[in-house]
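Structure, as structure tokens:
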Amino acid sequence: MTRPAIAIIGRRAESVPILRFSATLAAEAMCEAVYAAGGEPLVLHGLGRDPADGLGDRLERFGGVLVPGGADLDPALYGQEPIAETTGVVSFQDLLDVAVTQEVVARRLPTLAICRGMQVLNVVCGGTLVQDLPESSVSHRNAPHLASVIEGSRLADIVRTGTVEVSSYHHQAVDRLGTSLVVSARAADGVVEAVEHTAADILGVQWHPEDLHDSSPTDAALFADLVERARRKDGSQ
């Protein structure tokens with residue numbers, strides 16, 4: 001069976017110990033999760049002169065798209081001033097991820113948006129973010145916790161359970177929900193854990209399913225779903 005090509009949007013790094021210059025990277029766990037699900041993971045490089053240049057046509061060559069996690073998004077993109085806790089903003093990455101997300105929404109390309117990727121999706125759709133989550137009964141910053149899946153959602157059809165244990169690593173979250181997005185999972189403290197687009201073929205999760213894809217059936221199912229959607233899009237058999 002042909003493996004559909006899945007574009008993993010590269011992360012820009014100024015320096016990497018094994019390389020002499022800057023690098024475009026993808027997390028190994030992300031690539032392995034896509035491959036284990038039957039896809040062919042390929043890193044999409046953002047062009048330095050203009051990340052959006054020819055992006056739509058480039059993305060159309062792939063069966064599916066994966067927008068991964070990363071640094072905080074510039075609050076200016078959703079009409080806010082940064083607070084002290086919002087750090088590590090990378091302007092180039094913001095430009096690339098926003099441009100990619102605009103294209104996958106417009107072209108309805110099969111997409112899985114993870115952590116920051118889901119936050120970018122929300123902002124592109126006109127939503128806002130909580131810049132720094134307050135302490136609550138749920139540990140979001142670097143720990144597993146439970147999320148409740150909304151009955152009847154696309155996510156519920158994928159994971160086939162009402163509760164999932166998720167690997168969480170974030171301090172920001174969806175605040176005002178973007179247009180054409182619906183919530184498909186929440187944590188016990190109300191934080192949005194998953195969204196899906198009502199028109200485009202996009203699912204977003206706030207957690208990191210790549211962390212436990214080899215041991216968690218529900219996390220593996222997210223990558224299997226992306227690969228299956230990609231296979232239907234490009235006609236792979």
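Chain labels A, B, ... are given in the sequence in which chains occur in the structure tokens; within each chain residues are numbered consecutively from 1, and ligands are likewise numbered from 1 in the order shown.
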
Could you give me, as a Markdown table, every segment 97-216 of chain A residue with an atom at most 12 Å from segment 224-231 of chain A, plus its closest atom pair and distance in Å to one decimal, counting only C-alpha atoms, rows ordered by chain then number?
```
| residue | atom | partner | partner_atom | distance |
| --- | --- | --- | --- | --- |
| A:Arg108 | CA | A:Arg229 | CA | 11.2 |
| A:Leu109 | CA | A:Ala230 | CA | 8.2 |
| A:Pro110 | CA | A:Ala230 | CA | 5.9 |
| A:Thr111 | CA | A:Leu226 | CA | 6.7 |
| A:Leu112 | CA | A:Leu226 | CA | 6.5 |
| A:Ala113 | CA | A:Leu226 | CA | 10.3 |
| A:Arg154 | CA | A:Asp225 | CA | 10.4 |
| A:Leu155 | CA | A:Asp225 | CA | 9.8 |
| A:Ala156 | CA | A:Asp225 | CA | 11.9 |
| A:Asp157 | CA | A:Asp225 | CA | 10.0 |
| A:Ile158 | CA | A:Asp225 | CA | 6.9 |
| A:Val159 | CA | A:Asp225 | CA | 9.5 |
| A:Asp201 | CA | A:Arg229 | CA | 8.5 |
| A:Ile202 | CA | A:Leu226 | CA | 9.2 |
| A:Leu203 | CA | A:Leu226 | CA | 8.9 |
| A:Gly204 | CA | A:Leu226 | CA | 11.2 |
| A:Pro209 | CA | A:Ala224 | CA | 11.5 |
| A:Glu210 | CA | A:Ala224 | CA | 11.9 |
| A:His213 | CA | A:Ala224 | CA | 10.2 |
| A:Asp214 | CA | A:Ala224 | CA | 12.0 |
```

Selection to disk with C-alpha atoms, as a compact mmCIF listing (two decimals), in the first residue's frame:
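Below is the file that was written, selection-v3.txt:
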```
# COMPACT_ATOMS: atom_id res chain seq x y z
CA ARG A 108 -9.64 22.06 2.98
CA LEU A 109 -6.52 19.92 3.12
CA PRO A 110 -6.51 17.02 5.63
CA THR A 111 -4.72 18.46 8.67
CA LEU A 112 -3.85 17.62 12.26
CA ALA A 113 -2.83 20.65 14.35
CA ARG A 154 -15.39 13.92 14.94
CA LEU A 155 -12.83 13.30 17.68
CA ALA A 156 -15.22 10.92 19.43
CA ASP A 157 -15.51 8.91 16.22
CA ILE A 158 -11.71 8.68 16.04
CA VAL A 159 -10.81 7.75 19.62
CA ASP A 201 -10.81 18.98 7.06
CA ILE A 202 -8.92 20.04 10.20
CA LEU A 203 -8.71 18.59 13.69
CA GLY A 204 -6.71 20.30 16.44
CA PRO A 209 -0.15 12.68 20.87
CA GLU A 210 3.32 12.00 19.46
CA HIS A 213 1.66 7.20 20.11
CA ASP A 214 3.40 3.82 20.51
```

Practice prompt. Run DSSP on the backbone and give me the residues of segment 41-213 of chain A it puts in helix (DSSP H, G or I), as number ranges by chain.
Written response: A: 55-60, 75-78, 91-107, 116-124, 154-159

Please produce a file of the residues just selected, as a PDB file, in the first residue's frame, where the atoms kept are C-alpha atoms.
```
ATOM      1  CA  LEU A  55       2.937  27.755  -0.288  1.00  0.00           C
ATOM      2  CA  GLY A  56      -0.503  26.704  -1.489  1.00  0.00           C
ATOM      3  CA  ASP A  57       0.800  24.837  -4.526  1.00  0.00           C
ATOM      4  CA  ARG A  58       3.527  23.221  -2.442  1.00  0.00           C
ATOM      5  CA  LEU A  59       1.015  21.965   0.116  1.00  0.00           C
ATOM      6  CA  GLU A  60      -1.298  20.550  -2.553  1.00  0.00           C
ATOM      7  CA  PRO A  75      -0.065  38.117  20.842  1.00  0.00           C
ATOM      8  CA  ALA A  76      -0.204  40.924  18.266  1.00  0.00           C
ATOM      9  CA  LEU A  77      -1.676  38.339  15.896  1.00  0.00           C
ATOM     10  CA  TYR A  78      -4.793  38.221  18.070  1.00  0.00           C
ATOM     11  CA  SER A  91       8.453  35.813  13.978  1.00  0.00           C
ATOM     12  CA  PHE A  92       9.479  33.611  11.054  1.00  0.00           C
ATOM     13  CA  GLN A  93       7.690  30.607  12.567  1.00  0.00           C
ATOM     14  CA  ASP A  94       4.579  32.673  13.175  1.00  0.00           C
ATOM     15  CA  LEU A  95       4.528  33.806   9.539  1.00  0.00           C
ATOM     16  CA  LEU A  96       4.993  30.269   8.259  1.00  0.00           C
ATOM     17  CA  ASP A  97       2.486  28.562  10.553  1.00  0.00           C
ATOM     18  CA  VAL A  98      -0.175  31.215   9.997  1.00  0.00           C
ATOM     19  CA  ALA A  99       0.302  31.031   6.219  1.00  0.00           C
ATOM     20  CA  VAL A 100       0.129  27.217   6.264  1.00  0.00           C
ATOM     21  CA  THR A 101      -3.012  27.257   8.374  1.00  0.00           C
ATOM     22  CA  GLN A 102      -4.703  29.822   6.141  1.00  0.00           C
ATOM     23  CA  GLU A 103      -3.966  27.601   3.149  1.00  0.00           C
ATOM     24  CA  VAL A 104      -5.193  24.351   4.690  1.00  0.00           C
ATOM     25  CA  VAL A 105      -8.418  26.059   5.769  1.00  0.00           C
ATOM     26  CA  ALA A 106      -8.989  27.597   2.335  1.00  0.00           C
ATOM     27  CA  ARG A 107      -8.059  24.430   0.445  1.00  0.00           C
ATOM     28  CA  ARG A 116       0.701  25.464  19.227  1.00  0.00           C
ATOM     29  CA  GLY A 117      -0.706  24.278  15.903  1.00  0.00           C
ATOM     30  CA  MET A 118      -4.203  24.241  17.399  1.00  0.00           C
ATOM     31  CA  GLN A 119      -3.632  27.678  18.893  1.00  0.00           C
ATOM     32  CA  VAL A 120      -2.548  29.012  15.487  1.00  0.00           C
ATOM     33  CA  LEU A 121      -5.706  27.509  13.966  1.00  0.00           C
ATOM     34  CA  ASN A 122      -7.840  29.296  16.537  1.00  0.00           C
ATOM     35  CA  VAL A 123      -6.118  32.627  15.884  1.00  0.00           C
ATOM     36  CA  VAL A 124      -6.361  32.251  12.094  1.00  0.00           C
ATOM     37  CA  ARG A 154     -15.387  13.920  14.939  1.00  0.00           C
ATOM     38  CA  LEU A 155     -12.832  13.302  17.684  1.00  0.00           C
ATOM     39  CA  ALA A 156     -15.221  10.918  19.427  1.00  0.00           C
ATOM     40  CA  ASP A 157     -15.513   8.914  16.218  1.00  0.00           C
ATOM     41  CA  ILE A 158     -11.712   8.679  16.038  1.00  0.00           C
ATOM     42  CA  VAL A 159     -10.814   7.751  19.624  1.00  0.00           C
TER      43      VAL A 159
END
```

Please build the interface table for segment 28-86 of chain A against segment 4-19 of chain A with a cut-off of 6 Å, listing for each qualifying residue the nearest atom pair and the distance in Å to one decimal; count only C-alpha atoms, order rows by chain and increasing number, and write it as CSV.
```
residue,atom,partner,partner_atom,distance
A:Gly39,CA,A:Pro4,CA,5.2
A:Glu40,CA,A:Ala5,CA,4.7
A:Pro41,CA,A:Ile6,CA,5.0
A:Leu42,CA,A:Ala7,CA,5.1
A:Val43,CA,A:Ile8,CA,4.8
A:Leu44,CA,A:Ile9,CA,5.0
A:His45,CA,A:Gly10,CA,5.6
A:Phe62,CA,A:Ala5,CA,5.2
A:Gly63,CA,A:Ala5,CA,5.4
A:Gly64,CA,A:Ile6,CA,4.8
A:Val65,CA,A:Ala7,CA,4.7
A:Leu66,CA,A:Ile8,CA,4.8
A:Val67,CA,A:Ile9,CA,5.5
```

Practice prompt. Have a look at A:Val34, A:Leu47, A:Thr198, A:Ala27 and name the one nearest to Arg3 of chain A; count only C-alpha atoms.
Written response: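 The closest residue to Arg3 of chain A is A:Val34.
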
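Backbone DSSP of segment 48-89 of chain A yields strand (DSSP E or B) at Gly64, Val65, Leu66 and Val67 of chain A.
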
Those same residues - C-alpha atoms - I'd like them written as a JSON list (two decimals), in the first residue's frame.
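Okay, this is what ended up in selection-v3.json:
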```json
[["chain", "number", "residue", "atom", "x", "y", "z"],
["A", 64, "GLY", "CA", -2.04, 15.68, 4.51],
["A", 65, "VAL", "CA", -0.50, 18.32, 6.73],
["A", 66, "LEU", "CA", 0.67, 18.24, 10.33],
["A", 67, "VAL", "CA", 1.20, 21.54, 12.16]]
```

Give me the residues of segment 10-90 of chain A that have any atom at most 8 Å from an atom of segment 130-145 of chain A; for each, the nearest atom pair and the distance in Å, rounded to one decimal. Use only C-alpha atoms, sort by chain and number, and format it as a Markdown table.
```
| residue | atom | partner | partner_atom | distance |
| --- | --- | --- | --- | --- |
| A:Pro75 | CA | A:Gln131 | CA | 7.9 |
| A:Pro82 | CA | A:Gln131 | CA | 7.8 |
| A:Ile83 | CA | A:Gln131 | CA | 7.3 |
| A:Glu85 | CA | A:Asp132 | CA | 6.3 |
| A:Thr86 | CA | A:Gln131 | CA | 6.3 |
```

Saved selection, atoms kept: C-alpha atoms, as an mmCIF file, in the first residue's frame:
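Done, and the output landed in part_25.cif:
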```cif
data_model
loop_
_atom_site.group_PDB
_atom_site.id
_atom_site.type_symbol
_atom_site.label_atom_id
_atom_site.label_comp_id
_atom_site.auth_asym_id
_atom_site.auth_seq_id
_atom_site.Cartn_x
_atom_site.Cartn_y
_atom_site.Cartn_z
ATOM 1 C CA PRO A 75 -0.065 38.117 20.842
ATOM 2 C CA PRO A 82 2.406 40.420 25.373
ATOM 3 C CA ILE A 83 2.615 39.770 29.095
ATOM 4 C CA GLU A 85 4.979 35.050 30.674
ATOM 5 C CA THR A 86 4.685 35.097 26.870
#
```

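Proximity to Ala200 of chain A was assessed for A:Leu181, A:Ala187, A:Ala37, A:Arg232 counting only C-alpha atoms; the smallest distance is recorded for A:Leu181.
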
Neighbouring residues of Ile150 of chain A were defined as those with any atom within 10 Å, considering only C-alpha atoms; residues of the same chain fewer than 3 positions away were excluded. Please report them as a compact mmCIF listing (two decimals) with C-alpha atoms, in the first residue's frame.
```txt
# COMPACT_ATOMS: atom_id res chain seq x y z
CA ALA A 147 -9.72 15.11 28.85
CA SER A 153 -17.77 15.00 17.67
CA ARG A 154 -15.39 13.92 14.94
CA LEU A 155 -12.83 13.30 17.68
CA ALA A 156 -15.22 10.92 19.43
CA THR A 161 -14.10 6.72 24.03
CA GLY A 162 -15.48 9.51 26.18
CA THR A 163 -12.28 10.09 28.15
CA VAL A 183 -14.89 22.29 20.82
CA SER A 184 -14.55 18.51 20.81
CA ALA A 185 -12.75 17.94 24.16
CA ARG A 186 -12.12 19.76 27.42
CA ALA A 194 -9.51 19.76 21.04
```

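Nearest-residue note for Val90 of chain A: choosing from A:Asp74, A:Val149, A:Gly46, A:Glu32, the minimum distance belongs to A:Asp74, counting only C-alpha atoms.
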